[in-house]
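Text of input.txt, listed as compact mmCIF, C-alpha atoms:
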```
# COMPACT_ATOMS: atom_id res chain seq x y z
CA MET A 20 226.37 107.69 82.37
CA ARG A 21 225.80 109.78 79.26
CA ARG A 22 223.72 108.07 76.60
CA THR A 23 225.18 107.87 73.10
CA ASN A 24 222.17 106.42 71.27
CA LEU A 25 218.44 107.07 71.51
CA TYR A 26 215.94 104.38 70.51
CA ILE A 27 212.35 105.34 69.69
CA THR A 28 209.56 102.89 68.95
CA VAL A 29 207.66 104.30 65.96
CA SER A 30 205.19 101.43 65.63
CA GLU A 31 204.75 97.98 67.11
CA GLY A 32 207.92 96.05 66.33
CA THR A 33 209.62 98.99 64.61
CA GLU A 34 212.34 100.97 66.34
CA ARG A 35 214.48 103.89 65.14
CA GLU A 36 218.00 104.45 66.41
CA PHE A 37 219.52 107.92 66.61
CA HIS A 38 223.23 108.43 67.23
CA LEU A 39 223.25 111.46 69.51
CA LYS A 40 226.83 112.38 68.61
CA ASP A 41 225.52 113.18 65.11
CA PHE A 42 223.41 116.08 66.45
CA ASP A 43 224.81 119.46 67.48
CA GLN A 44 221.50 120.70 68.87
CA ILE A 45 218.32 119.10 70.14
CA CYS A 46 215.19 121.27 70.35
CA LEU A 47 212.25 119.90 72.35
CA VAL A 48 208.78 121.09 71.28
CA GLY A 49 205.43 119.95 72.63
CA ALA A 50 201.82 121.01 73.02
CA GLY A 51 198.84 119.65 74.92
CA LYS A 52 197.93 118.55 78.44
CA ALA A 53 200.34 115.59 78.40
CA SER A 54 203.26 117.53 76.93
CA ALA A 55 204.67 118.59 80.33
CA PRO A 56 205.15 115.07 81.76
CA MET A 57 206.42 113.81 78.39
CA ALA A 58 208.94 116.67 78.21
CA GLN A 59 210.01 115.95 81.77
CA ALA A 60 210.66 112.29 80.85
CA ILE A 61 212.70 113.29 77.79
CA GLU A 62 214.68 115.75 79.92
CA GLU A 63 215.52 112.91 82.34
CA ILE A 64 216.78 110.84 79.39
CA LEU A 65 218.65 113.50 77.39
CA GLY A 66 219.59 115.96 80.15
CA ASP A 67 221.93 118.73 79.02
CA ARG A 68 221.87 117.50 75.41
CA ILE A 69 218.64 119.50 75.02
CA THR A 70 219.74 122.93 73.81
CA ARG A 71 216.33 124.62 73.86
CA GLY A 72 212.64 123.93 73.90
CA LEU A 73 209.08 125.17 74.21
CA ILE A 74 206.23 123.31 75.87
CA VAL A 75 202.68 124.71 75.73
CA THR A 76 200.07 123.14 77.97
CA LYS A 77 196.66 123.85 79.43
CA TYR A 78 196.53 125.96 82.59
CA GLY A 79 197.01 123.77 85.66
CA HIS A 80 198.99 121.06 83.81
CA SER A 81 202.47 122.61 83.98
CA LEU A 82 205.48 121.04 85.67
CA PRO A 83 208.91 122.39 86.63
```
Rewritten as structure tokens:
Amino acid sequence: MRRTNLYITVSEGTEREFHLKDFDQICLVGAGKASAPMAQAIEEILGDRITRGLIVTKYGHSLP
């Protein structure tokens, strides 16, 4: 099932809703040792909605 909305908790008790149909492109950018597993989780959620991205991580912390 393709998700139509994305909900992100920005602080305790506060959530932002994004209507994915309102976005033509989604670019994923991350840096740091934890960026690879976080990017992998976002890819599982958004799948082919991600149009491009760049993840930079410390040697030995990369993932497919």
- Item | Polymer residues at most 6 Å from stretch 48-50 of chain A, all atoms listed in the file, same-chain spacing of 6 or more positions, as a ChimeraX atom specification | /A:72-76
- Task: Extract, using only C-alpha atoms, all DNA, RNA and protein residues at most 6 Å from stretch 55-71 of chain A, discarding same-chain residues fewer than 3 positions from it, and format them as a list of chain:residue names.
- Result: A:Gln44, A:Ile45, A:Cys46, A:Ser81, A:Leu82
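Checking A:Lys77, A:Val29, A:Glu36, A:Thr23 one by one against A:Ala53, counting only C-alpha atoms, you find the shortest gap at A:Lys77.
Closest approach to A:Leu39 among A:Arg22, A:Gly51, A:Ile27, A:Pro83: A:Arg22, based on all atoms listed in the file.
What separates atom CA of A:Leu25 from atom CA of A:Phe42 is a distance of 11.5 Å.
One finds atom CA of A:His80 at 27.5 Å from atom CA of A:Ser30.
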